[in-house]
file entry.csv (CSV, C-alpha atoms)
chain,number,residue,atom,x,y,z
A,1,MET,CA,-43.5,-23.9,185.9
A,2,LYS,CA,-41.2,-25.1,183.1
A,3,LYS,CA,-42.6,-22.5,180.8
A,4,CYS,CA,-41.8,-19.8,183.3
A,5,VAL,CA,-38.2,-21.0,183.6
A,6,ARG,CA,-37.8,-21.0,179.8
A,7,ASN,CA,-39.2,-17.5,179.6
A,8,LYS,CA,-36.8,-16.3,182.4
A,9,ARG,CA,-33.9,-17.9,180.5
A,10,ALA,CA,-34.9,-16.2,177.3
A,11,VAL,CA,-35.1,-12.8,179.1
A,12,LEU,CA,-31.8,-13.3,180.7
A,13,LEU,CA,-30.2,-14.3,177.3
A,14,SER,CA,-31.7,-11.1,175.7
A,15,ILE,CA,-30.3,-9.0,178.5
A,16,ALA,CA,-26.9,-10.6,178.1
A,17,LEU,CA,-26.9,-9.9,174.4
A,18,VAL,CA,-27.8,-6.2,175.0
A,19,ILE,CA,-25.0,-5.9,177.5
A,20,ALA,CA,-22.6,-7.5,175.1
A,21,ILE,CA,-23.5,-4.9,172.5
A,22,LEU,CA,-23.3,-2.0,174.9
A,23,VAL,CA,-19.9,-3.1,176.4
A,24,GLN,CA,-18.3,-3.3,173.0
A,25,GLN,CA,-14.7,-4.7,173.0
A,26,PRO,CA,-12.0,-4.1,170.4
A,27,ILE,CA,-11.6,-6.9,167.9
A,28,ASP,CA,-8.1,-8.3,167.3
A,29,VAL,CA,-7.3,-8.1,163.6
A,30,ARG,CA,-4.1,-8.7,161.7
A,31,ALA,CA,-2.6,-6.4,159.0
A,32,ASP,CA,0.5,-7.7,157.2
A,33,GLY,CA,1.5,-9.7,160.3
A,34,ALA,CA,0.8,-6.9,162.8
A,35,ASP,CA,-1.9,-7.1,165.5
A,36,LEU,CA,-4.3,-4.2,165.6
A,37,LYS,CA,-7.1,-3.8,168.1
A,38,LEU,CA,-10.1,-2.1,166.4
A,39,TYR,CA,-13.7,-1.4,167.3
A,40,ALA,CA,-15.0,-0.7,163.8
A,41,LYS,CA,-17.1,-3.3,162.1
A,42,ALA,CA,-15.5,-2.1,158.8
A,43,ALA,CA,-12.2,-0.3,158.4
A,44,VAL,CA,-9.8,0.7,155.7
A,45,LEU,CA,-6.4,2.3,155.6
A,46,MET,CA,-5.6,3.7,152.1
A,47,ASP,CA,-2.7,5.3,150.3
A,48,ALA,CA,-4.5,8.4,149.0
A,49,ASP,CA,-2.1,9.0,146.1
A,50,SER,CA,-2.5,5.5,144.5
A,51,GLY,CA,-5.9,4.5,146.0
A,52,ARG,CA,-4.2,1.3,147.2
A,53,VAL,CA,-5.8,-0.4,150.3
A,54,LEU,CA,-3.0,-1.0,152.8
A,55,TYR,CA,-5.2,-2.6,155.4
A,56,GLU,CA,-8.9,-3.6,155.5
A,57,ARG,CA,-11.4,-5.3,157.7
A,58,CYS,CA,-14.7,-6.0,155.9
A,59,GLY,CA,-13.7,-3.3,153.5
A,60,ASP,CA,-16.4,-4.2,150.9
A,61,GLU,CA,-19.3,-4.6,153.3
A,62,GLN,CA,-22.1,-2.2,152.4
A,63,LEU,CA,-23.2,-0.2,155.5
A,64,ALA,CA,-24.9,3.0,156.4
A,65,MET,CA,-22.5,6.0,156.4
A,66,ALA,CA,-24.3,8.8,158.3
A,67,SER,CA,-22.8,12.3,157.9
A,68,THR,CA,-19.5,11.1,156.3
A,69,THR,CA,-21.8,11.5,153.3
A,70,LYS,CA,-21.1,15.2,153.5
A,71,ILE,CA,-17.6,15.0,152.1
A,72,MET,CA,-19.3,14.0,148.8
A,73,THR,CA,-21.9,16.7,149.2
A,74,LEU,CA,-19.1,19.3,149.6
A,75,ILE,CA,-16.9,18.1,146.7
A,76,VAL,CA,-19.8,17.9,144.3
A,77,THR,CA,-20.8,21.4,145.3
A,78,LEU,CA,-17.3,22.8,144.9
A,79,GLU,CA,-17.1,21.3,141.4
A,80,ASN,CA,-20.5,22.5,140.2
A,81,ALA,CA,-21.2,25.9,141.8
A,82,SER,CA,-19.6,29.1,142.9
A,83,LEU,CA,-19.2,29.7,146.7
A,84,ASP,CA,-20.4,33.3,146.1
A,85,ASP,CA,-23.9,32.0,145.0
A,86,THR,CA,-27.0,33.0,146.9
A,87,VAL,CA,-29.0,30.1,148.3
A,88,GLU,CA,-32.7,30.5,149.1
A,89,VAL,CA,-34.1,28.1,151.7
A,90,SER,CA,-37.1,25.9,150.9
A,91,SER,CA,-39.6,24.8,153.4
A,92,TYR,CA,-38.3,21.2,152.9
A,93,ALA,CA,-34.8,22.2,153.8
A,94,ALA,CA,-36.0,24.1,156.8
A,95,SER,CA,-37.9,21.0,158.0
A,96,MET,CA,-34.7,18.9,158.5
A,97,PRO,CA,-34.2,17.4,162.0
A,98,GLN,CA,-31.3,18.1,164.3
A,99,VAL,CA,-28.4,18.6,164.0
A,100,HIS,CA,-29.5,21.7,162.0
A,101,LEU,CA,-28.7,25.3,161.6
A,102,GLY,CA,-32.3,26.4,162.2
A,103,MET,CA,-32.8,28.2,158.8
A,104,ARG,CA,-36.3,29.4,157.9
A,105,SER,CA,-38.1,29.0,154.7
A,106,GLY,CA,-37.5,32.0,152.3
A,107,GLU,CA,-34.3,33.1,154.0
A,108,GLN,CA,-31.2,33.6,151.8
A,109,TYR,CA,-27.6,32.7,152.6
A,110,ARG,CA,-24.2,32.8,150.9
A,111,LEU,CA,-23.2,29.3,149.6
A,112,ARG,CA,-19.8,29.6,151.2
A,113,ASP,CA,-21.3,30.0,154.7
A,114,LEU,CA,-23.6,27.0,154.2
A,115,THR,CA,-20.6,24.8,153.2
A,116,LEU,CA,-18.9,25.7,156.5
A,117,SER,CA,-22.1,25.0,158.4
A,118,LEU,CA,-22.3,21.7,156.6
A,119,MET,CA,-18.7,20.6,157.5
A,120,LEU,CA,-18.0,22.2,160.8
A,121,GLU,CA,-21.3,21.5,162.6
A,122,SER,CA,-22.8,18.9,160.2
A,123,HIS,CA,-26.1,20.7,159.8
A,124,ASN,CA,-28.7,18.7,158.0
A,125,ASP,CA,-30.8,21.6,156.8
A,126,SER,CA,-27.7,23.3,155.2
A,127,ALA,CA,-27.0,20.0,153.3
A,128,VAL,CA,-30.5,20.0,151.8
A,129,ALA,CA,-30.5,23.7,150.9
A,130,ILE,CA,-27.1,23.3,149.2
A,131,ALA,CA,-28.4,20.2,147.3
A,132,GLU,CA,-31.5,22.0,146.1
A,133,HIS,CA,-29.5,25.0,144.9
A,134,VAL,CA,-26.8,23.0,143.1
A,135,GLY,CA,-28.8,20.1,141.7
A,136,GLY,CA,-32.3,21.7,141.4
A,137,SER,CA,-33.7,19.1,143.8
A,138,VAL,CA,-32.4,16.6,146.3
A,139,GLU,CA,-33.0,13.8,143.9
A,140,GLN,CA,-31.1,15.5,141.1
A,141,PHE,CA,-28.2,16.3,143.5
A,142,ALA,CA,-28.1,12.6,144.6
A,143,ALA,CA,-27.8,11.7,140.9
A,144,LEU,CA,-24.7,14.0,140.7
A,145,MET,CA,-23.3,12.4,143.8
A,146,ASN,CA,-23.8,8.9,142.4
A,147,ARG,CA,-22.2,9.9,139.1
A,148,LYS,CA,-19.2,11.3,140.8
A,149,ALA,CA,-18.9,8.2,143.0
A,150,ALA,CA,-18.8,6.0,139.8
A,151,GLU,CA,-16.1,8.3,138.3
A,152,ILE,CA,-14.0,7.9,141.4
A,153,GLY,CA,-14.2,4.2,141.3
A,154,CYS,CA,-16.8,3.4,144.0
A,155,GLU,CA,-18.5,0.1,143.3
A,156,HIS,CA,-20.8,-0.3,146.3
A,157,THR,CA,-22.0,3.2,147.1
A,158,TYR,CA,-25.6,4.5,146.8
A,159,TYR,CA,-26.5,8.1,147.8
A,160,ILE,CA,-30.1,9.1,148.5
A,161,THR,CA,-29.7,12.1,150.8
A,162,PRO,CA,-27.1,14.9,150.8
A,163,ASN,CA,-26.9,14.8,154.7
A,164,GLY,CA,-26.5,11.1,155.4
A,165,LEU,CA,-29.8,10.6,157.2
A,166,ASP,CA,-30.9,7.0,156.9
A,167,ALA,CA,-33.0,6.5,153.8
A,168,GLU,CA,-34.3,3.7,151.5
A,169,GLN,CA,-35.2,4.0,147.8
A,170,ASP,CA,-36.0,1.4,145.1
A,171,GLY,CA,-35.0,-1.5,147.4
A,172,LYS,CA,-31.6,0.1,148.2
A,173,PHE,CA,-30.5,2.0,151.2
A,174,HIS,CA,-28.2,5.1,151.7
A,175,SER,CA,-24.9,3.3,152.0
A,176,THR,CA,-21.2,2.8,151.2
A,177,THR,CA,-18.3,0.6,152.1
A,178,ALA,CA,-15.1,1.5,154.0
A,179,ARG,CA,-13.1,1.1,150.8
A,180,ASP,CA,-15.4,3.4,148.8
A,181,LEU,CA,-15.6,6.0,151.5
A,182,ALA,CA,-11.7,6.0,151.6
A,183,LEU,CA,-11.7,6.4,147.8
A,184,VAL,CA,-14.0,9.4,148.1
A,185,MET,CA,-11.8,11.1,150.7
A,186,SER,CA,-8.7,10.3,148.7
A,187,TYR,CA,-10.2,12.0,145.7
A,188,CYS,CA,-11.2,15.0,147.8
A,189,VAL,CA,-7.8,15.6,149.3
A,190,ALA,CA,-5.5,14.5,146.5
A,191,LYS,CA,-7.1,14.5,143.1
A,192,SER,CA,-10.1,16.8,142.8
A,193,PRO,CA,-9.4,20.2,141.1
A,194,GLN,CA,-11.1,21.7,144.1
A,195,ARG,CA,-9.0,19.9,146.7
A,196,GLU,CA,-7.4,23.0,148.1
A,197,THR,CA,-10.8,24.6,148.7
A,198,PHE,CA,-12.0,21.4,150.2
A,199,LEU,CA,-9.1,21.3,152.7
A,200,GLU,CA,-9.6,25.0,153.5
A,201,ILE,CA,-13.2,24.5,154.4
A,202,THR,CA,-12.8,21.3,156.3
A,203,ARG,CA,-9.9,22.6,158.3
A,204,THR,CA,-11.5,26.0,159.3
A,205,PRO,CA,-11.5,26.0,163.2
A,206,ASN,CA,-14.6,28.3,163.5
A,207,HIS,CA,-16.8,30.5,161.4
A,208,SER,CA,-19.4,33.2,162.1
A,209,PHE,CA,-21.9,34.6,159.6
A,210,THR,CA,-25.4,36.0,159.0
A,211,ASP,CA,-28.2,35.4,156.6
A,212,LEU,CA,-28.1,37.9,153.7
A,213,SER,CA,-30.7,40.2,155.5
A,214,GLY,CA,-28.2,40.5,158.3
A,215,ARG,CA,-31.0,39.9,160.9
A,216,ARG,CA,-29.9,36.5,162.1
A,217,SER,CA,-26.4,35.6,163.2
A,218,PHE,CA,-24.8,32.1,163.5
A,219,SER,CA,-21.5,30.7,164.8
A,220,CYS,CA,-20.0,27.3,163.9
A,221,VAL,CA,-17.2,25.4,165.5
A,222,ASN,CA,-15.2,22.5,163.9
A,223,HIS,CA,-15.8,19.3,165.9
A,224,ASN,CA,-13.2,17.2,164.1
A,225,ALA,CA,-11.0,16.3,167.0
A,226,PHE,CA,-8.6,14.5,164.7
A,227,LEU,CA,-7.3,17.8,163.3
A,228,SER,CA,-5.4,18.4,166.6
A,229,MET,CA,-4.8,14.8,167.5
A,230,MET,CA,-2.0,13.9,165.1
A,231,THR,CA,0.7,15.9,163.3
A,232,GLY,CA,-0.1,16.2,159.7
A,233,ALA,CA,-3.9,15.7,160.0
A,234,LEU,CA,-5.5,17.1,156.9
A,235,SER,CA,-9.2,16.7,157.0
A,236,GLY,CA,-12.0,14.5,158.2
A,237,LYS,CA,-15.7,14.0,158.8
A,238,THR,CA,-17.6,12.4,161.6
A,239,GLY,CA,-21.1,10.8,161.4
A,240,PHE,CA,-23.7,9.1,163.5
A,241,THR,CA,-27.2,7.7,163.0
A,242,ASN,CA,-28.9,4.9,164.9
A,243,LYS,CA,-28.5,2.6,162.0
A,244,ALA,CA,-24.9,3.6,161.1
A,245,GLY,CA,-23.4,4.0,164.5
A,246,TYR,CA,-20.4,6.2,164.8
A,247,CYS,CA,-18.5,6.6,161.6
A,248,TYR,CA,-15.4,8.6,160.6
A,249,VAL,CA,-13.2,9.3,157.6
A,250,GLY,CA,-10.0,11.2,157.9
A,251,ALA,CA,-6.8,12.1,156.0
A,252,LEU,CA,-3.2,12.7,157.2
A,253,ARG,CA,-0.1,13.8,155.3
A,254,ARG,CA,3.3,13.3,156.8
A,255,ASP,CA,6.8,12.5,155.4
A,256,GLY,CA,5.6,12.5,151.8
A,257,LYS,CA,2.9,9.9,152.6
A,258,THR,CA,-0.9,10.6,152.5
A,259,PHE,CA,-3.1,8.2,154.4
A,260,VAL,CA,-6.9,7.9,154.6
A,261,VAL,CA,-8.7,6.0,157.3
A,262,ALA,CA,-12.4,5.1,156.8
A,263,LEU,CA,-14.4,3.6,159.7
A,264,LEU,CA,-18.1,2.4,159.6
A,265,ALA,CA,-20.1,1.1,162.5
A,266,CYS,CA,-17.4,2.1,165.0
A,267,GLY,CA,-19.5,1.8,168.2
A,268,TRP,CA,-22.8,3.1,169.4
A,269,PRO,CA,-23.6,5.4,172.4
A,270,ASN,CA,-21.8,5.9,174.7
A,271,HIS,CA,-18.7,5.0,172.7
A,272,ARG,CA,-18.1,8.0,170.5
A,273,THR,CA,-14.4,8.0,171.3
A,274,TYR,CA,-13.8,4.6,169.6
A,275,LYS,CA,-13.4,6.2,166.2
A,276,TRP,CA,-10.5,8.3,167.4
A,277,SER,CA,-8.6,5.3,168.9
A,278,ASP,CA,-9.2,3.3,165.7
A,279,THR,CA,-8.1,6.2,163.5
A,280,ARG,CA,-4.9,6.7,165.5
A,281,ALA,CA,-4.0,3.0,165.5
A,282,LEU,CA,-4.4,2.7,161.7
A,283,MET,CA,-2.6,6.0,160.9
A,284,GLU,CA,0.3,5.1,163.2
A,285,TYR,CA,0.5,1.6,161.6
A,286,GLY,CA,0.8,3.2,158.2
A,287,LEU,CA,3.4,5.7,159.2
A,288,ALA,CA,5.5,3.0,160.9
A,289,HIS,CA,5.4,0.3,158.3
A,290,TYR,CA,5.0,1.8,154.9
A,291,ARG,CA,7.6,3.8,152.8
A,292,TYR,CA,7.5,5.1,149.3
A,293,ARG,CA,9.5,3.1,146.8
A,294,SER,CA,10.0,4.2,143.2
A,295,PHE,CA,9.8,1.6,140.5
A,296,ASP,CA,13.0,3.1,139.0
A,297,GLU,CA,14.8,1.5,141.9
A,298,VAL,CA,13.9,-1.9,140.7
A,299,GLU,CA,16.3,-3.7,138.4
A,300,ILE,CA,14.9,-4.9,135.1
A,301,PRO,CA,16.1,-8.0,133.2
A,302,ALA,CA,19.1,-7.4,131.0
A,303,GLU,CA,17.4,-9.1,128.1
A,304,ALA,CA,14.6,-6.4,128.1
A,305,THR,CA,16.6,-4.0,125.9
A,306,ALA,CA,18.7,-6.6,124.0
A,307,ASP,CA,18.5,-6.4,120.2
A,308,ILE,CA,15.9,-8.4,118.4
A,309,ILE,CA,16.5,-10.6,115.3
A,310,VAL,CA,14.7,-9.3,112.2
A,311,SER,CA,14.1,-11.9,109.5
A,312,ASN,CA,14.0,-10.8,105.8
A,313,GLY,CA,15.7,-7.6,106.7
A,314,GLN,CA,18.1,-5.6,104.6
A,315,GLY,CA,21.7,-5.8,106.0
A,316,ASN,CA,25.1,-5.0,104.6
A,317,ARG,CA,25.4,-8.3,102.7
A,318,ILE,CA,23.2,-11.0,101.3
A,319,GLY,CA,22.6,-13.6,104.0
A,320,GLU,CA,23.7,-11.4,106.9
A,321,GLN,CA,21.6,-11.7,110.0
A,322,THR,CA,19.9,-8.3,110.9
A,323,TYR,CA,19.0,-6.9,114.3
A,324,VAL,CA,17.1,-3.9,115.6
A,325,PRO,CA,17.9,-2.2,118.9
A,326,VAL,CA,15.3,-2.0,121.6
A,327,GLU,CA,14.7,0.8,124.2
A,328,LEU,CA,12.1,1.7,126.9
A,329,ALA,CA,9.4,4.2,125.8
A,330,LEU,CA,9.5,7.5,127.6
A,331,GLU,CA,5.9,7.3,128.7
A,332,ALA,CA,4.5,4.8,131.1
A,333,ASP,CA,1.1,3.6,132.3
A,334,GLY,CA,0.3,3.6,136.0
A,335,VAL,CA,2.2,5.1,138.9
A,336,GLU,CA,5.9,5.9,139.3
A,337,GLY,CA,6.1,4.4,142.7
A,338,LEU,CA,4.1,3.1,145.6
A,339,LEU,CA,3.8,3.1,149.4
A,340,MET,CA,5.0,-0.4,150.3
A,341,HIS,CA,5.2,-2.4,153.4
A,342,GLU,CA,8.7,-3.3,154.5
A,343,ASP,CA,8.1,-7.0,153.7
A,344,GLU,CA,6.6,-6.4,150.2
A,345,LYS,CA,8.4,-7.1,147.0
A,346,VAL,CA,8.0,-5.9,143.5
A,347,THR,CA,7.4,-8.5,140.8
A,348,VAL,CA,8.8,-7.6,137.4
A,349,THR,CA,7.4,-9.4,134.4
A,350,LEU,CA,8.9,-9.2,130.9
A,351,GLN,CA,6.9,-9.8,127.8
A,352,LYS,CA,8.9,-9.4,124.6
A,353,VAL,CA,8.7,-10.9,121.1
A,354,LYS,CA,11.7,-13.1,120.1
A,355,GLU,CA,11.8,-12.2,116.4
A,356,LEU,CA,10.4,-9.6,114.0
A,357,THR,CA,9.9,-9.7,110.2
A,358,ALA,CA,10.9,-6.8,108.1
A,359,PRO,CA,9.8,-4.1,107.4
A,360,VAL,CA,10.3,-2.8,111.0
A,361,GLY,CA,9.5,0.8,111.9
A,362,GLU,CA,11.1,2.9,114.6
A,363,GLY,CA,9.0,3.2,117.8
A,364,GLN,CA,7.2,-0.1,117.1
A,365,THR,CA,5.9,-1.7,120.3
A,366,ILE,CA,7.4,-5.2,120.7
A,367,GLY,CA,6.7,-5.9,124.4
A,368,TYR,CA,6.4,-4.4,127.9
A,369,ILE,CA,7.8,-4.6,131.4
A,370,SER,CA,5.2,-4.9,134.1
A,371,TYR,CA,5.6,-3.9,137.8
A,372,ALA,CA,3.3,-5.7,140.3
A,373,VAL,CA,2.9,-5.5,144.0
A,374,GLY,CA,0.6,-8.0,145.6
A,375,ASN,CA,-1.9,-9.2,143.0
A,376,ARG,CA,-2.1,-6.0,141.0
A,377,GLU,CA,-0.1,-4.4,138.3
A,378,TRP,CA,0.8,-0.8,139.1
A,379,LYS,CA,3.1,0.3,136.3
A,380,ARG,CA,3.7,-0.9,132.7
A,381,MET,CA,6.5,0.4,130.4
A,382,ARG,CA,6.5,-0.4,126.6
A,383,LEU,CA,9.5,-1.8,124.8
A,384,VAL,CA,9.9,-0.2,121.4
A,385,THR,CA,12.3,-0.5,118.5
A,386,ALA,CA,15.0,2.1,118.4
A,387,GLY,CA,15.6,1.9,114.6
A,388,GLU,CA,14.1,0.8,111.4
A,389,ILE,CA,14.9,-2.0,108.9
A,390,GLU,CA,13.5,-2.3,105.4
A,391,ALA,CA,12.5,-5.6,103.9
A,392,VAL,CA,14.6,-7.4,101.4
A,393,ASP,CA,13.4,-6.7,97.8
A,394,MET,CA,14.6,-7.1,94.2
A,395,LYS,CA,16.2,-3.6,94.1
A,396,TRP,CA,18.2,-4.3,97.2
A,397,CYS,CA,19.3,-7.8,96.0
A,398,VAL,CA,20.5,-6.3,92.6
A,399,ARG,CA,22.4,-3.6,94.4
A,400,ARG,CA,24.2,-6.1,96.7
A,401,VAL,CA,25.1,-8.4,93.7
A,402,VAL,CA,26.5,-5.4,91.8
A,403,GLU,CA,28.5,-4.3,94.8
A,404,LYS,CA,30.0,-7.8,95.3
A,405,TRP,CA,30.8,-8.1,91.5
A,406,LEU,CA,32.6,-4.7,91.6
A,407,ILE,CA,34.6,-5.7,94.7
A,408,LEU,CA,35.7,-9.0,93.1
A,409,ASN,CA,36.8,-7.3,89.9
A,410,SER,CA,38.7,-4.6,91.6
A,411,TYR,CA,41.6,-7.0,92.4
call {"tool": "encode", "arguments": {"input": "entry.csv", "output": "structure tokens"}}
result
Amino acid sequence: MKKCVRNKRAVLLSIALVIAILVQQPIDVRADGADLKLYAKAAVLMDADSGRVLYERCGDEQLAMASTTKIMTLIVTLENASLDDTVEVSSYAASMPQVHLGMRSGEQYRLRDLTLSLMLESHNDSAVAIAEHVGGSVEQFAALMNRKAAEIGCEHTYYITPNGLDAEQDGKFHSTTARDLALVMSYCVAKSPQRETFLEITRTPNHSFTDLSGRRSFSCVNHNAFLSMMTGALSGKTGFTNKAGYCYVGALRRDGKTFVVALLACGWPNHRTYKWSDTRALMEYGLAHYRYRSFDEVEIPAEATADIIVSNGQGNRIGEQTYVPVELALEADGVEGLLMHEDEKVTVTLQKVKELTAPVGEGQTIGYISYAVGNREWKRMRLVTAGEIEAVDMKWCVRRVVEKWLILNSY
């Protein structure tokens, strides 16, 4: 009897856990003092221009990414192939599960049409056909994807498939983090040489096409609801697998600001709308609380450009103290400005030598000014000498002595 009671309690506990998962509630999280209610397990709001994370929740947790993969598939394709290429469909590509275009082995398509099928309808067979055409095989194309991810700065991303279907290989699984996913989208919309074509394809409302024989016709509709949800919406990609849950990555540009939101594990059926409420909440937070601030607005210490003492330098007279003027170099490392929260401050750090020894050349680096926000340096400007001073030598000493003797004997 006791055993039956224990079994019943275990069953009831399991049912309760399942219900808790199905009836998912938003989680209260704080971003720079603001309360945000989000459903996503991992979320990032990023400034696309600088790559700076403005808000994150579990931003570095590696998770399945589903069809958000396809933004990388598209950008690698655009940077390595011509959209006028002809793509022949393999039997492997044609075998991909739904969601698929329904291509058949041996058929031929224009690459441009397949990229629209890829992004508007998220067709898995189009992704594989594209990968085989561009990379030679799915494995070789995945290597291109991983190489590009490393170039962009992704540290915890591993691509196995071009369509985002769950996969494992060599003890790793097809995965990314919210931070890395936001970096990829930031690259696609703001930094890639193919960014305009990327935006054109991902923003296309609908597209109709045929295979190259003209015997089969297809029509695709863009399912990215975010494009009509907020003013300034640029691009985005949805995704879902049983392992990943609902995922989304989207970009918005308004008032000179470009934001990217990346969401992973943002609910499971029947909660496909959670990604839209999370996206809106993060975008609105960024628009309301961040403004661009140029580092030129920040006052630098007066001593930064003060003259520097030069020992053993040639002056007008023997024993005279010599100085060299200092100026800021024209070029700078880093960004010219940053989207900053209203409560954030810029920390200016001055590093400068106190004294030089002749000879001193013009343009010689003698220090720098650093601009930091949070715990990261965003800009560095070099301090350089604005003149040159020769070292004292015998020839100079003789000349000074002769000049002094002539002056004394002129009276």
call {"tool": "residues_around", "arguments": {"input": "entry.csv", "residues": "A:Ala329", "least_positions_apart": "3", "cutoff": "8 Å", "atoms": "only C-alpha atoms", "output": "short mmCIF file (atom, residue, chain, number, x, y, z; two decimals) with C-alpha atoms, in the frame of the given file"}}
result
data_model
loop_
_atom_site.label_atom_id
_atom_site.label_comp_id
_atom_site.auth_asym_id
_atom_site.auth_seq_id
_atom_site.Cartn_x
_atom_site.Cartn_y
_atom_site.Cartn_z
CA ALA A 332 4.50 4.80 131.10
CA MET A 381 6.50 0.40 130.40
CA ARG A 382 6.50 -0.40 126.60
CA LEU A 383 9.50 -1.80 124.80
CA VAL A 384 9.90 -0.20 121.40
#
call {"tool": "closest_residue", "arguments": {"input": "entry.csv", "among": "A:Ala281, A:Ala129, A:Leu78, A:Val134", "to": "A:Leu114", "atoms": "all atoms listed in the file"}}
result
A:Ala129
call {"tool": "residues_around", "arguments": {"input": "entry.csv", "residues": "stretch 258-269 of chain A", "least_positions_apart": "2", "cutoff": "6 Å", "atoms": "all atoms listed in the file", "output": "PyMOL selection string"}}
result
chain A and resi 39-48+178+182+244-253+271+275
call {"tool": "closest_residue", "arguments": {"input": "entry.csv", "among": "A:Glu342, A:Glu336, A:Glu107, A:Glu327", "to": "A:Gly387", "atoms": "only C-alpha atoms"}}
result
A:Glu327
call {"tool": "atom_distance", "arguments": {"input": "entry.csv", "atom1": "atom CA of A:Cys220", "atom2": "atom CA of A:Val89"}}
result
18.7 Å
call {"tool": "closest_residue", "arguments": {"input": "entry.csv", "among": "A:Arg380, A:His223, A:Arg280, A:Arg112", "to": "A:Ser208", "atoms": "only C-alpha atoms"}}
result
A:Arg112
call {"tool": "residues_around", "arguments": {"input": "entry.csv", "residues": "A:Glu200", "least_positions_apart": "3", "cutoff": "12 Å", "atoms": "only C-alpha atoms", "output": "number ranges by chain"}}
result
A: 74, 78, 112, 115-116, 119-120, 188-189, 194-197, 203-206, 234-236
call {"tool": "residues_around", "arguments": {"input": "entry.csv", "residues": "stretch 367-377 of chain A", "least_positions_apart": "6", "cutoff": "10 Å", "atoms": "all atoms listed in the file", "output": "count of residues only"}}
result
31
call {"tool": "atom_distance", "arguments": {"input": "entry.csv", "atom1": "atom CA of A:Met96", "atom2": "atom CA of A:Glu168"}}
result
16.7 Å
call {"tool": "residues_around", "arguments": {"input": "entry.csv", "residues": "A:Pro97", "least_positions_apart": "3", "cutoff": "10 Å", "atoms": "all atoms listed in the file", "output": "PyMOL selection string"}}
result
chain A and resi 93-94+100-102+123-125+165
call {"tool": "atom_distance", "arguments": {"input": "entry.csv", "atom1": "atom CA of A:Asn146", "atom2": "atom CA of A:Leu282"}}
result
28.1 Å
call {"tool": "residues_near_point", "arguments": {"input": "entry.csv", "point": "(-36.0, 35.6, 150.0)", "cutoff": "9 Å", "atoms": "only C-alpha atoms", "output": "ChimeraX atom specification"}}
result
/A:88-89,105-108,213
call {"tool": "closest_residue", "arguments": {"input": "entry.csv", "among": "A:Ala81, A:Ala66, A:Leu339, A:Asn163", "to": "A:Gly136", "atoms": "only C-alpha atoms"}}
result
A:Ala81
call {"tool": "residues_near_point", "arguments": {"input": "entry.csv", "point": "(-16.7, 10.5, 167.0)", "cutoff": "6 Å", "atoms": "only C-alpha atoms", "output": "list in words"}}
result
Thr238, Arg272, Thr273 and Lys275 of chain A
